[in-house]
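Student: First, the structure itself, so that you have it in front of you.
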Amino acid sequence: MQVKVREEIDNNLKWKLEDIYQTEDFWEEDLKKVLAIAKKINGFQGKLNVRENILEMYNLSDEADFIFGKLYAYAHMRQDQDCTVTKYKEMKSKVISVITQVISLNAFVTPELLENPIEFLKELSLDKDFEKYSYALQKLVKNKEHALSTKEETILAKTSKFTELFEEAFSMLDNADIKFEDVTLDNGEKVQLSHGLYSYYLQTGSREERKKVFESMFNAYKQNINLITTLYKGNLEKDWFYSQVRNYKSCLDRATSNEDVDINVYKKLIENIHKNLSTLHRYMKYRKDELKYDELHMYDLHMPLISGVDKNIEYDEAKQIVLEALAPLGDEYHNLLNEAFSNGWIDVCENKGKRSGAYSSGCYGVHPYVLLNYKPVLNDVFTIAHELGHAMHSYYSNKTQPISKAEYEIFVAEVASTVNETLLVKHLLKEATGDYKKYLLSYLLNMFRTTIFRQAQFAEFEEKAHEFVEKDIPITPDGLCDMYFDLNKEYYGNDVVNDELIRYEWARIPHFYSSFYVYKYSTGLISAICIAGDILSKGDEAVKDYKKFLCAGGSMSPVEILKLAHVDLTSDEPYQKAMDFFKATLEELIAM
């Protein structure tokens, strides 16, 4: 199986970025226009103590944000579809350069607004003319202690041009430059390994093939571990620098505060995970016994327990499965899914140079987009449902909210996606019997392992890695690898062999360059278990409440937005529901 070049892919399987810009000349025009708007905003410097000036400044900011969203979405998706094309790298670089200039020009806004009396800002947040900006003003008041002077904000703004290079450099290494050893399959065929093929063969290959792709993948990161450690250390130092200058106690404190999330939600997650590690260990023992292995290795955790059940699922069939599974969300949602499949929202296939993995992206005023690297396995059917959950969340938020309130926080970004995954697996289980039911139950358990437990493990690694810089502990490849290895042992227990190469797994996780992102996968699925259960048991009433969540965008704090769908992550209830569901699913499988 060889990876195609992009020109060989059917146009019906590619996204239509022309819906953002018909030509790149229009893109260039907007690049100039947004800088002019920023200069207009800069003209309000020294004048943000007058109600009318503040309102006009906010309106201009909306206009700039609208254009910026289009500029960046177009450039980064063009680059991601083929990271080897120099022109797209240059376009993305141009956007980042202009963003840096704009941030610098307008760095005065927050500190100058905060020079106003708190009561004045509170009055503005209640003024009907400022309704679009009410939540922004509320957060401004709340975060006053973390704001700096205009001069200091201007200096900080100029740093963003180079502090983002750690992530960019890792992305280029990970997607374009890193070299994996060819893998010889059981039939003698040699395969040039890629991120997509790695996942494919871990799920479908023989045990010897799985071992070979595992070793090829992680040996590549081992060979680059000094470079990757240096890049990640730079990212950690960047986070701690911004946390210190803004008067946060820790990098985690800054990350949660920036999203208006109580830090105790993160701590409650980790606490509940550790309380339930024994159930994960029991699942690992079940896998080992069921597979009849003397030793269960890390490369054995992705394959289905039941062979011959995970049939080849071509993309057209996958679309139909997703449509049927998400039918409980109503006709409107169903019609939007059809629109996504039919009209260039989705880039389906892997091609040489294409960014690995999958995501949903886009901009205000244009339909969302989804990037896939589809392989004909059930896991990738779940990926379709997952990414379309993101896309529908963005669609409803953008349709309902003004641009100033449309962008939802990352904290809630993984909820809609995992609601879709949960509905999909429950749909498949309805008609399943025998081995196929066992297969789906084990798939569901593995979804818990990867989305709740594994992401919590990643989150713990992030927290401990950030503590290195916070406590001025030297950061070395061995230090990070040892720490990750110890966490892996704790999470997976005594029935899993912690292969030596798993020490390097942290080095291939792109999300670590968006610090404290991954724990939201865990809270997202925990929330989704509760929401999907309500949708299937309560019907239209629960769907109506769920759409309130989808439509809320960023109009209030993420924790409050989740409460619209009756999920309160400040209480123990959702965590307990999810863990009880995990345990019950395992017991059902063991009993078969």
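In the structure tokens, chains take the letters A, B, ... in the order shown, each chain's residues start at 1, and ligands count up from 1 in the order shown.
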Neighbours of range 508-515 of chain A within 7 Å (only C-alpha atoms; same-chain residues fewer than 6 positions away dropped), as a PDB file with C-alpha atoms, in the first residue's frame?
Tutor:
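Contents of out_9.pdb, as written:
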ATOM      1  CA  GLU A 167       5.583  24.064  17.543  1.00  0.00           C
ATOM      2  CA  TYR A 221      11.829   9.446  17.524  1.00  0.00           C
ATOM      3  CA  ASN A 235       7.924  25.245  24.618  1.00  0.00           C
TER       4      ASN A 235
END
Student: Pro574 in chain A: which residues within 10 Å, counting only C-alpha atoms, same-chain residues fewer than 2 positions away excluded, as a ChimeraX atom specification?
Tutor: /A:523,526-531,566-572,576-580
Student: Excluding Ser149 in chain A and its own-chain neighbours fewer than 3 positions away, which residues fall within 12 Å of it when counting only C-alpha atoms? Please give them as a PDB file with N, CA and C atoms, in the first residue's frame.
Tutor:
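For reference, part.pdb as written:
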ATOM      1  N   ALA A 107      -1.606  46.073  21.354  1.00  0.00           N
ATOM      2  CA  ALA A 107      -1.297  45.573  22.691  1.00  0.00           C
ATOM      3  C   ALA A 107      -1.768  46.516  23.785  1.00  0.00           C
ATOM      4  N   PHE A 108      -2.029  47.754  23.426  1.00  0.00           N
ATOM      5  CA  PHE A 108      -2.461  48.747  24.421  1.00  0.00           C
ATOM      6  C   PHE A 108      -3.880  48.507  24.901  1.00  0.00           C
ATOM      7  N   VAL A 109      -4.693  47.766  24.132  1.00  0.00           N
ATOM      8  CA  VAL A 109      -6.129  47.708  24.364  1.00  0.00           C
ATOM      9  C   VAL A 109      -6.466  47.184  25.757  1.00  0.00           C
ATOM     10  N   THR A 110      -5.993  45.989  26.095  1.00  0.00           N
ATOM     11  CA  THR A 110      -6.353  45.397  27.387  1.00  0.00           C
ATOM     12  C   THR A 110      -5.874  46.230  28.570  1.00  0.00           C
ATOM     13  N   PRO A 111      -4.589  46.618  28.620  1.00  0.00           N
ATOM     14  CA  PRO A 111      -4.155  47.410  29.779  1.00  0.00           C
ATOM     15  C   PRO A 111      -4.855  48.761  29.859  1.00  0.00           C
ATOM     16  N   GLU A 112      -5.164  49.358  28.704  1.00  0.00           N
ATOM     17  CA  GLU A 112      -5.830  50.661  28.747  1.00  0.00           C
ATOM     18  C   GLU A 112      -7.276  50.525  29.212  1.00  0.00           C
ATOM     19  N   LEU A 113      -7.944  49.479  28.759  1.00  0.00           N
ATOM     20  CA  LEU A 113      -9.301  49.243  29.243  1.00  0.00           C
ATOM     21  C   LEU A 113      -9.314  49.037  30.754  1.00  0.00           C
ATOM     22  N   LEU A 114      -8.289  48.347  31.243  1.00  0.00           N
ATOM     23  CA  LEU A 114      -8.238  48.055  32.671  1.00  0.00           C
ATOM     24  C   LEU A 114      -7.837  49.260  33.513  1.00  0.00           C
ATOM     25  N   GLU A 115      -7.438  50.343  32.867  1.00  0.00           N
ATOM     26  CA  GLU A 115      -7.190  51.581  33.609  1.00  0.00           C
ATOM     27  C   GLU A 115      -8.503  52.250  34.023  1.00  0.00           C
ATOM     28  N   LYS A 144      -8.019  41.001  35.722  1.00  0.00           N
ATOM     29  CA  LYS A 144      -7.279  42.261  35.835  1.00  0.00           C
ATOM     30  C   LYS A 144      -5.898  42.067  36.461  1.00  0.00           C
ATOM     31  N   GLU A 145      -5.790  41.190  37.445  1.00  0.00           N
ATOM     32  CA  GLU A 145      -4.507  41.011  38.141  1.00  0.00           C
ATOM     33  C   GLU A 145      -3.418  40.437  37.246  1.00  0.00           C
ATOM     34  N   HIS A 146      -3.815  39.896  36.076  1.00  0.00           N
ATOM     35  CA  HIS A 146      -2.832  39.278  35.189  1.00  0.00           C
ATOM     36  C   HIS A 146      -2.461  40.170  34.005  1.00  0.00           C
ATOM     37  N   GLU A 152       4.603  46.915  28.489  1.00  0.00           N
ATOM     38  CA  GLU A 152       4.929  45.505  28.702  1.00  0.00           C
ATOM     39  C   GLU A 152       4.149  44.604  27.743  1.00  0.00           C
ATOM     40  N   GLU A 153       2.864  44.935  27.516  1.00  0.00           N
ATOM     41  CA  GLU A 153       2.051  44.147  26.590  1.00  0.00           C
ATOM     42  C   GLU A 153       2.617  44.232  25.173  1.00  0.00           C
ATOM     43  N   THR A 154       3.111  45.401  24.803  1.00  0.00           N
ATOM     44  CA  THR A 154       3.697  45.581  23.472  1.00  0.00           C
ATOM     45  C   THR A 154       4.938  44.715  23.312  1.00  0.00           C
ATOM     46  N   ILE A 155       5.764  44.672  24.330  1.00  0.00           N
ATOM     47  CA  ILE A 155       6.966  43.835  24.291  1.00  0.00           C
ATOM     48  C   ILE A 155       6.578  42.359  24.179  1.00  0.00           C
ATOM     49  N   LEU A 156       5.606  41.935  24.998  1.00  0.00           N
ATOM     50  CA  LEU A 156       5.176  40.537  24.956  1.00  0.00           C
ATOM     51  C   LEU A 156       4.611  40.171  23.593  1.00  0.00           C
ATOM     52  N   VAL A 245       5.345  36.222  34.082  1.00  0.00           N
ATOM     53  CA  VAL A 245       5.182  37.660  33.846  1.00  0.00           C
ATOM     54  C   VAL A 245       3.729  38.083  34.035  1.00  0.00           C
ATOM     55  N   ARG A 246       2.803  37.130  33.928  1.00  0.00           N
ATOM     56  CA  ARG A 246       1.389  37.467  34.115  1.00  0.00           C
ATOM     57  C   ARG A 246       0.880  37.088  35.512  1.00  0.00           C
TER      58      ARG A 246
END
Student: Residues within 10 Å of Thr450 in chain A, please, as a compact mmCIF listing (two decimals) with N, CA and C atoms, in the first residue's frame. Count only C-alpha atoms; anything in the same chain fewer than 6 positions from it doesn't count.
Tutor:
# COMPACT_ATOMS: atom_id res chain seq x y z
N LEU A 301 -2.09 -3.39 22.03
CA LEU A 301 -3.25 -2.74 22.66
C LEU A 301 -4.24 -2.16 21.66
N HIS A 302 -3.85 -2.07 20.39
CA HIS A 302 -4.71 -1.41 19.41
C HIS A 302 -5.50 -2.40 18.55
N LEU A 444 -15.29 -0.24 22.43
CA LEU A 444 -15.74 0.81 23.35
C LEU A 444 -14.79 0.94 24.53
N ALA A 456 -5.44 11.37 29.95
CA ALA A 456 -5.13 11.78 31.33
C ALA A 456 -3.66 11.50 31.64
N GLN A 457 -3.15 10.38 31.14
CA GLN A 457 -1.72 10.07 31.30
C GLN A 457 -0.87 11.15 30.64
N TYR A 521 -9.77 16.02 26.14
CA TYR A 521 -10.31 14.82 25.52
C TYR A 521 -10.99 13.96 26.59
N SER A 522 -10.35 13.85 27.74
CA SER A 522 -10.91 13.03 28.83
C SER A 522 -12.22 13.62 29.34
Student: Provide the CA of Asp499 in chain A to CA of His297 in chain A distance in Å, to one decimal place.
Tutor: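 CA of Asp499 in chain A sits 6.7 Å away from CA of His297 in chain A.
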Student: Would you mind listing what lies within 7 Å of range 409-415 of chain A as a VMD selection string, with only C-alpha atoms counted and same-chain residues fewer than 4 positions away left out?
Tutor: chain A and resid 259 390 419 520 to 521 524 to 525 527 to 528 554 558
Student: As a list in words, please: the residues near Tyr364 in chain A (cut-off 8 Å, only C-alpha atoms, same-chain neighbours under 2 positions excluded).
Tutor: Phe66, Gly69, Lys70, Gly362, Val366, His367, Asn398 and Ile403 of chain A
Student: Mind the document's chain letters and residue numbers, and return as a VMD selection string the residues of range 55-202 of chain A that DSSP labels helix (DSSP H, G or I).
Tutor: chain A and resid 55 to 81 86 to 105 109 to 113 118 to 126 128 to 142 144 to 146 150 to 163 165 to 177 195 to 202
Student: Go through A:Val543, A:Ala459, A:Ile263, A:Cys551 and flag the residue nearest Ala327 in chain A, using only C-alpha atoms for the distances.
Tutor: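 So, comparing all the options, the nearest one is A:Val543.
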Student: In Å to one decimal, how far is CA of Tyr232 in chain A from CA of Cys251 in chain A?
Tutor: 14.4 Å
